[in-house]
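Shown next: my_file-v2.txt, containing compact mmCIF, C-alpha atoms.
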# COMPACT_ATOMS: atom_id res chain seq x y z
CA MET A 227 -18.79 0.40 -17.86
CA ASN A 228 -16.90 1.89 -20.72
CA VAL A 229 -14.24 -0.36 -22.24
CA ASN A 230 -11.96 1.16 -24.86
CA GLY A 231 -14.49 3.89 -25.59
CA VAL A 232 -17.48 1.55 -25.95
CA ASP A 233 -20.23 1.27 -23.31
CA HIS A 234 -21.05 -2.25 -22.16
CA PRO A 235 -23.93 -3.51 -20.00
CA ALA A 236 -23.22 -4.42 -16.37
CA PRO A 237 -22.25 -8.02 -15.66
CA THR A 238 -25.19 -10.18 -14.64
CA ASP A 239 -23.22 -12.18 -12.07
CA PRO A 240 -21.88 -10.09 -9.15
CA ARG A 241 -19.12 -12.65 -8.60
CA ARG A 242 -17.63 -12.09 -12.05
CA LEU A 243 -14.04 -10.85 -11.93
CA LEU A 244 -13.26 -7.85 -14.11
CA SER A 245 -10.61 -9.95 -15.89
CA ASP A 246 -13.14 -12.72 -16.69
CA HIS A 247 -15.78 -10.18 -17.69
CA ILE A 248 -13.40 -8.53 -20.16
CA ARG A 249 -12.38 -11.88 -21.65
CA HIS A 250 -15.54 -13.99 -21.57
CA ASP A 251 -18.44 -11.51 -21.66
CA ILE A 252 -16.95 -8.72 -23.75
CA GLY A 253 -14.71 -11.03 -25.77
CA LEU A 254 -11.48 -9.04 -25.48
CA THR A 255 -8.98 -11.81 -24.90
CA GLY A 256 -5.87 -9.62 -25.09
CA THR A 257 -6.05 -9.21 -21.31
CA HIS A 258 -4.34 -12.33 -20.01
CA VAL A 259 -4.97 -14.19 -16.78
CA GLY A 260 -1.87 -15.71 -15.19
CA CYS A 261 -1.98 -16.23 -11.45
CA GLU A 262 -5.45 -14.93 -10.57
CA HIS A 263 -4.29 -13.65 -7.20
CA GLY A 264 -2.58 -10.37 -7.88
CA VAL A 265 1.04 -11.44 -8.32
CA CYS A 266 1.88 -11.82 -12.02
CA GLY A 267 0.45 -8.62 -13.52
CA CYS A 268 -0.69 -10.27 -16.78
CA CYS A 269 -4.25 -8.99 -16.28
CA THR A 270 -3.18 -5.34 -15.89
CA VAL A 271 -5.63 -2.87 -17.45
CA LEU A 272 -6.01 0.87 -17.07
CA PHE A 273 -8.82 1.79 -14.70
CA ASP A 274 -9.65 5.48 -15.14
CA GLY A 275 -6.18 5.78 -16.63
CA ALA A 276 -4.19 4.05 -13.86
CA PRO A 277 -2.82 0.48 -14.09
CA VAL A 278 -4.67 -2.01 -11.87
CA ARG A 279 -4.90 -5.78 -11.63
CA SER A 280 -8.24 -6.74 -13.18
CA CYS A 281 -8.25 -10.13 -11.40
CA LEU A 282 -8.50 -8.34 -8.04
CA MET A 283 -11.64 -6.44 -8.95
CA LEU A 284 -15.21 -7.53 -9.33
CA ALA A 285 -16.53 -6.46 -12.73
CA ILE A 286 -19.46 -4.78 -11.05
CA GLN A 287 -17.04 -2.44 -9.22
CA ALA A 288 -16.07 -1.03 -12.61
CA GLU A 289 -19.60 0.24 -13.30
CA GLY A 290 -19.44 3.90 -14.29
CA HIS A 291 -15.67 3.78 -14.86
CA GLN A 292 -13.37 3.79 -17.89
CA VAL A 293 -11.40 0.63 -18.58
CA THR A 294 -8.66 0.47 -21.21
CA THR A 295 -7.35 -2.89 -22.36
CA ILE A 296 -4.50 -3.72 -24.73
CA GLU A 297 -7.01 -3.71 -27.62
CA GLY A 298 -7.80 -0.07 -26.85
CA LEU A 299 -4.28 1.21 -27.51
CA ALA A 300 -4.31 0.97 -31.30
CA PRO A 301 -7.45 0.30 -33.35
CA ASP A 302 -7.29 -2.37 -36.09
CA GLY A 303 -5.25 -1.13 -39.02
CA ALA A 304 -3.87 1.89 -37.18
CA PRO A 305 -0.15 2.22 -36.37
CA LEU A 306 0.94 0.58 -33.14
CA HIS A 307 0.87 2.55 -29.90
CA PRO A 308 4.40 3.88 -29.12
CA VAL A 309 4.73 1.39 -26.25
CA GLN A 310 3.74 -1.53 -28.51
CA GLN A 311 6.09 -0.26 -31.20
CA ALA A 312 8.93 -0.06 -28.66
CA PHE A 313 8.36 -3.64 -27.43
CA HIS A 314 8.39 -4.74 -31.08
CA GLU A 315 11.59 -2.88 -31.95
CA THR A 316 13.60 -3.94 -28.90
CA HIS A 317 12.36 -7.56 -28.72
CA GLY A 318 10.74 -6.80 -25.37
CA LEU A 319 8.99 -10.17 -25.47
CA GLN A 320 9.57 -13.81 -26.20
CA CYS A 321 6.48 -15.96 -25.63
CA GLY A 322 4.32 -12.85 -25.26
CA PHE A 323 2.04 -14.09 -22.51
CA CYS A 324 2.99 -11.34 -20.08
CA THR A 325 3.25 -8.65 -22.76
CA PRO A 326 -0.25 -7.10 -22.62
CA GLY A 327 0.16 -6.63 -18.87
CA PHE A 328 3.63 -5.12 -19.26
CA VAL A 329 2.45 -2.81 -22.04
CA MET A 330 -0.47 -1.52 -19.96
CA SER A 331 1.82 -0.97 -16.93
CA VAL A 332 4.28 0.93 -19.11
CA VAL A 333 1.52 3.06 -20.66
CA GLY A 334 0.47 4.00 -17.11
CA LEU A 335 4.06 4.60 -16.03
CA LEU A 336 4.90 6.90 -18.97
CA LYS A 337 1.68 8.82 -18.57
CA GLN A 338 2.66 9.66 -15.01
CA ASN A 339 6.38 9.98 -15.69
CA PRO A 340 7.25 10.59 -19.39
CA ASP A 341 11.00 10.46 -18.77
CA PRO A 342 11.70 7.75 -16.18
CA THR A 343 15.16 6.92 -14.82
CA PRO A 344 16.33 3.27 -14.92
CA GLU A 345 15.34 2.95 -11.24
CA GLU A 346 11.90 4.40 -11.94
CA ILE A 347 11.49 1.96 -14.83
CA ASP A 348 12.29 -0.99 -12.55
CA GLU A 349 9.79 0.33 -10.04
CA GLY A 350 7.18 0.87 -12.76
CA ILE A 351 7.35 -2.70 -14.03
CA SER A 352 7.88 -4.32 -10.61
CA GLY A 353 4.32 -5.63 -10.53
CA ASN A 354 4.68 -7.70 -13.71
CA LEU A 355 6.45 -11.04 -14.06
CA CYS A 356 8.15 -12.28 -17.24
CA ARG A 357 9.56 -15.82 -17.38
CA CYS A 358 11.38 -15.46 -20.71
CA THR A 359 13.22 -12.21 -21.21
CA GLY A 360 15.17 -11.59 -18.03
CA TYR A 361 13.69 -8.09 -18.20
CA ALA A 362 16.72 -6.48 -19.91
CA SER A 363 14.92 -6.10 -23.23
CA ILE A 364 11.77 -4.93 -21.47
CA ARG A 365 13.74 -2.16 -19.76
CA ARG A 366 15.09 -1.18 -23.19
CA ALA A 367 11.53 -1.18 -24.51
CA VAL A 368 10.46 1.29 -21.84
CA LEU A 369 13.34 3.65 -22.69
CA ARG A 370 12.50 3.36 -26.37
CA ALA A 371 8.80 3.94 -25.67
CA ALA A 372 9.67 7.12 -23.76
CA GLU A 373 11.73 8.22 -26.74
CA LEU A 374 8.94 7.44 -29.23
CA SER A 375 6.38 9.26 -27.07
CA ARG A 376 8.35 12.52 -27.00
CA MET B 45 -23.15 -13.92 -3.16
CA GLU B 46 -25.03 -10.73 -2.44
CA PHE B 47 -23.36 -7.54 -3.60
CA LEU B 48 -24.27 -4.26 -1.92
CA GLN B 49 -23.07 -0.99 -3.39
CA PRO B 50 -24.02 1.95 -1.17
CA ALA B 51 -23.75 5.38 -2.75
CA THR B 52 -23.45 7.26 0.54
CA TRP B 53 -21.76 6.72 3.88
CA SER B 54 -25.02 6.70 5.85
CA GLU B 55 -26.39 4.08 3.47
CA ALA B 56 -23.23 1.99 3.99
CA LEU B 57 -23.57 2.18 7.78
CA ALA B 58 -27.24 1.21 7.58
CA MET B 59 -26.36 -1.79 5.41
CA LYS B 60 -23.62 -2.88 7.82
CA ALA B 61 -26.02 -2.52 10.77
CA ALA B 62 -28.62 -4.64 9.00
CA LYS B 63 -26.06 -7.26 7.95
CA PRO B 64 -23.15 -7.28 10.39
CA GLU B 65 -21.69 -10.36 8.66
CA ALA B 66 -21.29 -8.44 5.37
CA VAL B 67 -17.65 -8.07 4.35
CA PRO B 68 -16.52 -4.60 3.26
CA ILE B 69 -14.38 -4.26 0.15
CA ALA B 70 -12.27 -1.23 -0.82
CA GLY B 71 -9.29 -1.80 -3.14
CA GLY B 72 -9.82 -5.56 -2.96
CA THR B 73 -6.11 -6.29 -2.87
CA ASP B 74 -6.52 -8.48 0.25
CA LEU B 75 -10.11 -9.69 0.03
CA MET B 76 -10.09 -10.63 -3.66
CA VAL B 77 -6.97 -12.74 -3.18
CA GLU B 78 -8.76 -14.70 -0.45
CA ILE B 79 -11.87 -15.10 -2.60
CA ASN B 80 -9.93 -16.14 -5.73
CA LEU B 81 -7.97 -18.73 -3.78
CA ASP B 82 -11.22 -19.93 -2.18
CA HIS B 83 -9.97 -19.22 1.33
CA ARG B 84 -13.13 -17.31 1.98
CA ARG B 85 -16.66 -17.19 0.56
CA PRO B 86 -18.46 -14.13 1.89
CA ALA B 87 -22.25 -14.36 1.58
CA THR B 88 -22.47 -10.57 1.34
CA ILE B 89 -20.00 -7.93 0.20
CA ILE B 90 -20.36 -4.17 0.72
CA ASP B 91 -18.46 -2.22 -1.92
CA LEU B 92 -17.21 1.03 -0.39
CA THR B 93 -15.52 2.36 -3.53
CA HIS B 94 -18.45 4.53 -4.61
CA ILE B 95 -18.56 6.58 -1.41
CA LYS B 96 -17.01 9.96 -2.07
CA GLU B 97 -16.41 10.94 1.58
CA LEU B 98 -14.07 7.98 2.05
CA THR B 99 -11.74 9.24 -0.67
CA GLU B 100 -11.31 12.70 0.87
CA TRP B 101 -8.74 14.06 3.31
CA GLY B 102 -8.28 17.37 5.08
CA MET B 103 -7.21 19.06 8.33
CA ASP B 104 -9.33 18.46 11.42
CA ASP B 105 -8.32 20.28 14.62
CA GLY B 106 -4.57 20.13 13.97
CA ARG B 107 -4.65 16.59 12.65
CA LEU B 108 -4.92 15.24 9.14
CA ARG B 109 -8.13 13.28 8.78
CA ILE B 110 -7.67 10.85 5.92
CA GLY B 111 -10.64 8.93 4.52
CA ALA B 112 -10.34 5.15 4.69
CA GLY B 113 -10.63 4.92 0.89
CA VAL B 114 -7.57 7.04 0.05
CA THR B 115 -5.18 4.83 -1.94
CA TYR B 116 -1.48 4.31 -1.27
CA ALA B 117 -0.73 6.04 -4.59
CA ARG B 118 -2.55 9.16 -3.38
CA ILE B 119 -0.88 9.06 0.06
CA ILE B 120 2.48 9.12 -1.77
CA ASP B 121 1.51 11.86 -4.25
CA GLU B 122 -0.65 14.11 -2.10
CA LEU B 123 0.59 13.59 1.46
CA GLY B 124 4.23 12.57 1.04
CA ASP B 125 5.44 15.92 2.43
CA ARG B 126 3.21 15.85 5.52
CA LEU B 127 3.40 12.13 6.29
CA PRO B 128 6.84 11.06 5.07
CA GLY B 129 6.95 7.85 7.14
CA LEU B 130 3.59 6.60 5.92
CA ALA B 131 4.52 7.60 2.36
CA MET B 132 7.77 5.61 2.56
CA ALA B 133 5.84 2.58 3.80
CA SER B 134 3.24 3.09 1.07
CA ARG B 135 5.97 3.05 -1.58
CA THR B 136 6.92 -0.46 -0.45
CA VAL B 137 3.37 -1.80 -0.76
CA GLY B 138 3.00 -4.33 -3.58
CA SER B 139 3.44 -2.79 -7.02
CA PRO B 140 2.05 0.25 -8.88
CA GLN B 141 -1.12 -1.70 -9.71
CA ILE B 142 -1.66 -2.56 -6.04
CA ARG B 143 -0.92 0.98 -4.83
CA ASN B 144 -3.47 2.38 -7.30
CA ARG B 145 -6.21 0.31 -5.64
CA GLY B 146 -5.13 -0.58 -2.10
CA THR B 147 -6.06 1.72 0.79
CA VAL B 148 -4.82 2.34 4.32
CA GLY B 149 -8.39 1.79 5.52
CA GLY B 150 -8.33 -1.64 3.93
CA ASN B 151 -4.95 -2.38 5.51
CA LEU B 152 -6.47 -1.55 8.91
CA GLY B 153 -9.54 -3.67 8.16
CA THR B 154 -7.40 -6.70 7.31
CA ALA B 155 -5.20 -5.96 10.35
CA SER B 156 -2.45 -8.28 9.18
CA PRO B 157 0.61 -8.19 11.45
CA ALA B 158 2.55 -7.60 8.21
CA GLY B 159 0.46 -4.64 6.99
CA ASP B 160 2.97 -2.03 5.79
CA ALA B 161 0.93 1.00 6.88
CA HIS B 162 0.69 -0.12 10.49
CA PRO B 163 4.21 0.60 11.83
CA PRO B 164 4.13 4.28 10.73
CA LEU B 165 0.62 4.67 12.17
CA LEU B 166 1.90 3.30 15.51
CA ALA B 167 5.04 5.44 15.42
CA THR B 168 2.99 8.61 14.86
CA GLU B 169 0.27 7.69 17.39
CA ALA B 170 -2.46 7.74 14.75
CA ILE B 171 -6.11 7.31 15.63
CA VAL B 172 -8.59 5.10 13.79
CA GLU B 173 -12.11 6.49 13.41
CA LEU B 174 -14.79 3.81 13.45
CA ALA B 175 -18.42 4.46 12.60
CA SER B 176 -21.77 2.72 12.89
CA THR B 177 -25.37 3.86 12.84
CA LYS B 178 -24.96 4.44 16.59
CA GLY B 179 -22.22 7.01 16.11
CA THR B 180 -18.46 7.27 15.73
CA ARG B 181 -15.63 6.42 18.09
CA GLN B 182 -11.89 6.89 17.97
CA VAL B 183 -9.43 4.12 18.79
CA ALA B 184 -5.68 4.69 19.15
CA ALA B 185 -3.72 2.66 16.61
CA ASN B 186 -1.91 1.12 19.57
CA GLU B 187 -5.21 -0.32 20.84
CA PHE B 188 -6.69 -1.13 17.45
CA PHE B 189 -4.78 -4.34 16.69
CA ALA B 190 -6.13 -7.29 18.68
CA GLY B 191 -4.43 -10.35 17.15
CA PRO B 192 -3.42 -11.83 13.80
CA LYS B 193 -5.96 -10.33 11.37
CA LYS B 194 -8.11 -9.22 14.31
CA ASN B 195 -8.91 -5.66 15.26
CA ALA B 196 -11.02 -3.72 17.74
CA MET B 197 -13.97 -3.23 15.37
CA ARG B 198 -17.47 -4.29 16.32
CA ALA B 199 -19.41 -6.25 13.69
CA ASP B 200 -21.67 -3.27 12.89
CA GLU B 201 -18.78 -0.84 12.38
CA LEU B 202 -16.89 0.38 9.34
CA ILE B 203 -13.59 2.30 9.23
CA ALA B 204 -14.32 5.92 8.32
CA ALA B 205 -10.86 7.46 8.46
CA PHE B 206 -7.61 7.70 10.34
CA LEU B 207 -6.26 10.79 12.03
CA VAL B 208 -2.63 11.66 12.33
CA GLU B 209 -0.61 14.79 13.04
CA PRO B 210 1.46 16.15 10.14
CA ALA B 211 5.14 15.32 10.73
CA ARG B 212 7.06 17.87 12.80
CA GLY B 213 10.38 16.09 12.29
CA PRO B 214 12.10 13.34 10.34
CA GLN B 215 10.36 10.01 9.84
CA GLN B 216 11.72 6.75 8.49
CA PHE B 217 10.48 3.35 7.42
CA SER B 218 12.47 0.27 6.55
CA LYS B 219 11.44 -3.24 5.64
CA VAL B 220 13.23 -6.53 5.05
CA GLY B 221 12.13 -8.73 2.16
CA THR B 222 13.49 -10.79 -0.71
CA ARG B 223 12.94 -8.03 -3.27
CA ASN B 224 11.72 -4.43 -3.25
CA ALA B 225 8.31 -5.01 -4.79
CA MET B 226 5.55 -7.54 -4.16
CA VAL B 227 6.82 -8.90 -0.85
CA ILE B 228 5.19 -9.48 2.46
CA ALA B 229 7.65 -8.03 4.99
CA VAL B 230 9.93 -10.41 6.88
CA CYS B 231 9.93 -7.58 9.39
CA SER B 232 9.56 -3.82 9.21
CA LEU B 233 10.08 -0.77 11.37
CA ALA B 234 8.86 2.81 11.34
CA LEU B 235 10.38 5.62 13.39
CA ALA B 236 9.08 9.16 13.90
CA VAL B 237 11.09 11.96 15.52
CA ASP B 238 9.09 14.83 16.99
CA PRO B 239 11.44 17.64 18.11
CA LYS B 240 8.60 19.73 19.56
CA ARG B 241 7.45 17.03 21.98
CA LYS B 242 10.97 15.57 22.21
CA HIS B 243 9.39 12.27 21.31
CA VAL B 244 10.59 9.29 19.27
CA GLY B 245 7.86 6.87 18.15
CA ILE B 246 8.59 3.33 17.00
CA GLY B 247 6.28 0.82 15.36
CA ILE B 248 7.32 -2.66 14.25
CA GLY B 249 5.61 -4.98 11.80
CA SER B 250 5.68 -8.67 10.87
CA ALA B 251 7.30 -9.57 14.16
CA GLY B 252 4.45 -10.62 16.41
CA PRO B 253 0.75 -11.49 16.41
CA THR B 254 -0.01 -7.80 15.81
CA PRO B 255 1.95 -4.75 14.73
CA ILE B 256 3.68 -3.57 17.91
CA ARG B 257 4.66 -0.22 19.37
CA ALA B 258 8.09 -0.49 21.00
CA ALA B 259 7.26 1.64 24.05
CA GLU B 260 10.29 0.75 26.21
CA ALA B 261 12.68 1.51 23.39
CA GLU B 262 10.91 4.85 22.87
CA THR B 263 11.32 5.79 26.54
CA PHE B 264 14.96 4.67 26.53
CA ILE B 265 16.02 6.69 23.49
CA GLN B 266 14.10 9.75 24.73
CA GLU B 267 15.96 9.56 28.05
CA VAL B 268 19.30 9.27 26.24
CA LEU B 269 18.49 12.28 24.04
CA GLU B 270 17.34 14.28 27.08
CA GLU B 271 20.17 13.31 29.43
CA HIS B 272 22.92 14.19 26.96
CA ARG B 273 21.04 17.24 25.68
CA LEU B 274 21.27 15.83 22.16
CA TRP B 275 18.15 17.70 21.00
CA GLU B 276 19.95 20.97 21.75
CA ARG B 277 23.49 19.94 20.86
CA HIS B 278 22.52 18.36 17.54
CA VAL B 279 25.18 15.66 17.84
CA HIS B 280 25.01 11.90 17.44
CA CYS B 281 24.30 9.59 20.31
CA GLU B 282 26.87 7.10 21.62
CA PRO B 283 27.13 3.79 19.75
CA SER B 284 26.64 1.93 23.04
CA ALA B 285 23.31 3.71 23.59
CA LEU B 286 22.23 2.95 20.04
CA LYS B 287 23.13 -0.71 20.56
CA GLN B 288 20.96 -0.87 23.66
CA PHE B 289 18.18 0.91 21.77
CA GLY B 290 18.30 -1.76 19.07
CA GLU B 291 18.18 -4.51 21.67
CA LEU B 292 15.11 -2.94 23.30
CA VAL B 293 13.32 -2.75 19.94
CA ALA B 294 14.15 -6.41 19.29
CA ALA B 295 12.90 -7.29 22.77
CA ALA B 296 9.55 -5.64 22.06
CA ALA B 297 8.94 -8.07 19.18
CA LYS B 298 7.16 -11.39 19.65
CA PRO B 299 8.20 -13.10 16.43
CA ILE B 300 7.69 -16.69 15.31
CA ASP B 301 9.53 -18.93 12.86
CA ASP B 302 7.60 -19.07 9.60
CA VAL B 303 8.13 -19.42 5.84
CA ARG B 304 9.46 -15.86 5.54
CA GLY B 305 12.05 -16.00 8.30
CA THR B 306 12.98 -17.25 11.74
CA ALA B 307 12.19 -15.50 15.00
CA ASP B 308 15.93 -15.11 15.70
CA TYR B 309 16.55 -13.49 12.34
CA ARG B 310 13.62 -11.12 12.83
CA ARG B 311 14.93 -9.99 16.24
CA HIS B 312 18.39 -9.49 14.79
CA ALA B 313 17.08 -7.58 11.76
CA LEU B 314 14.83 -5.36 13.88
CA ALA B 315 17.79 -4.27 16.01
CA VAL B 316 19.65 -3.36 12.81
CA LEU B 317 16.62 -1.52 11.36
CA ALA B 318 16.16 0.37 14.63
CA ARG B 319 19.76 1.62 14.74
CA ARG B 320 19.78 2.37 11.03
CA THR B 321 16.49 4.27 10.85
CA PHE B 322 17.36 6.23 13.99
CA ARG B 323 20.70 7.26 12.49
CA TRP B 324 19.02 8.33 9.24
CA ALA B 325 16.35 10.30 11.06
CA TRP B 326 18.79 11.86 13.52
CA ASP B 327 21.07 12.90 10.65
CA ASP B 328 18.09 14.69 9.09
CA TYR B 329 17.29 16.33 12.44
CA ARG B 330 20.89 17.51 12.87
CA LYS B 331 20.95 18.96 9.37
CA SER B 332 17.65 20.77 9.98
CA LYS B 333 19.32 22.92 12.70
Go through the file and emit its structure as structure tokens.
Amino acid sequence: MNVNGVDHPAPTDPRRLLSDHIRHDIGLTGTHVGCEHGVCGCCTVLFDGAPVRSCLMLAIQAEGHQVTTIEGLAPDGAPLHPVQQAFHETHGLQCGFCTPGFVMSVVGLLKQNPDPTPEEIDEGISGNLCRCTGYASIRRAVLRAAELSR
Amino acid sequence: MEFLQPATWSEALAMKAAKPEAVPIAGGTDLMVEINLDHRRPATIIDLTHIKELTEWGMDDGRLRIGAGVTYARIIDELGDRLPGLAMASRTVGSPQIRNRGTVGGNLGTASPAGDAHPPLLATEAIVELASTKGTRQVAANEFFAGPKKNAMRADELIAAFLVEPARGPQQFSKVGTRNAMVIAVCSLALAVDPKRKHVGIGIGSAGPTPIRAAEAETFIQEVLEEHRLWERHVHCEPSALKQFGELVAAAAKPIDDVRGTADYRRHALAVLARRTFRWAWDDYRKSK
């Protein structure tokens, strides 16, 4: 599978979750694991460009596909991705645990819908849970990200 | 755990014939939850996500034939105009991440009484196409659901597709839950109006051991529409008739008390959903004159 533009060998254990494979085998720990049963959205990655929950996929199912993780948005030393920049500017995070998942969901949302309405933003981030922010600043981050991406 | 990844449909059917106990996986949004929570440890999994045919849809003798591997996201984007009821139900499934992976075929395979795709499939009299190495057979959605998470499939069969006529009239779906996203329905209802056949189809979810078609309520509302020539007159039906319609839908349910709601509440809510979705759909029909 190709992760952030780099080809990686197939997982040796067929039971390996994509989320665990990304973290433990490939060593990209920016993808977080919260609930491990498809509720919290922390493990969201882009699978062929669309946001999916990596804890609900076996790594081996990703063979031959493109996976983008939070590390793939902005290489080391490069400016932040517009969505990252927007979360930074609007304080779209407190503890930050849920942030990689939110950012990947928002990247997917804006790719499909570059100018979302407030309702579409709520819908777009409905699969991610945040215990700190109350979501208000995250909504602002999405609006700001849309602005920065124009 | 053995992991089988057929590249073609015939290969998949051969694998399922050789190992009937193998568990198919599509989007994984049901199965992976069970595996991660250790509710289930399948010895063999067949991954159906690499089979191209399953992700295709097209017209087949007047019906849409939709591959079992078409995701909810694609149903919404590509078929929302032709299958508005199923698209509405699909929009309520999980979250964007779930809709990008989950499939209607998988929903049918799990056969949960709460599966969101099931009420619209019942309301539109959809057909499920099952396949094995011995051939294919078609099962009406109404006869497909056999019990909680049980369906009419034989152990050597896989779901190939479902067939459904493109909508000829308004369709609606409504669901009760604690929030819009990421909920298992407390109860749900789909309604499909077909002006050509003068037919109203109703499917209910999360209110019995299986998804249920409310046949008596269908007959009742059709008789009301016929008797008062409402199809031709394009006017609303009497509130008393609508009330009785709601009661008949509630009576079709076989709900239980559980963590999501009580049986009484579900019956009450279904009567409300029935009246409400009928009014919405009939408004659309009247405007389409």
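Those residues of chain B that fall within 8 Å of chain A when using only C-alpha atoms read Met45, Glu46, Phe47, Gly71, Gly72, Thr73, Met76, Val77, Asn80, Leu81, Asp91, Thr93, Gly138, Ser139, Pro140, Gln141, Ile142, Asn144, Arg145, Ala225 and Met226 of chain B.
Using only C-alpha atoms, the shortest contact distance between Glu173 (chain B) and any of B:Arg135, B:Gly159, B:Ala112, B:Lys333 is found at B:Ala112.
Going from CA of Val229 (chain A) to CA of Thr294 (chain A) covers 5.7 Å.
Coordinates place CA of Thr257 (chain A) at a distance of 20.5 Å from CA of Ile79 (chain B).
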**OP:** For Thr263 (chain B), work out the shell of residues within 12 Å, counting only C-alpha atoms and skipping chain neighbours fewer than 4 positions away, then give it as a list in words.
**Re:** Lys242, His243, Val244, Gly245, Ile246, Arg257, Ala258, Ala259, Glu267, Val268, Leu269, Glu270, Glu271, Phe289, Leu292 and Val293 of chain B
Subject >> One-decimal distance in Å that lies between CA of Leu75 (chain B) and CA of Ala87 (chain B) >> reply: 13.1 Å
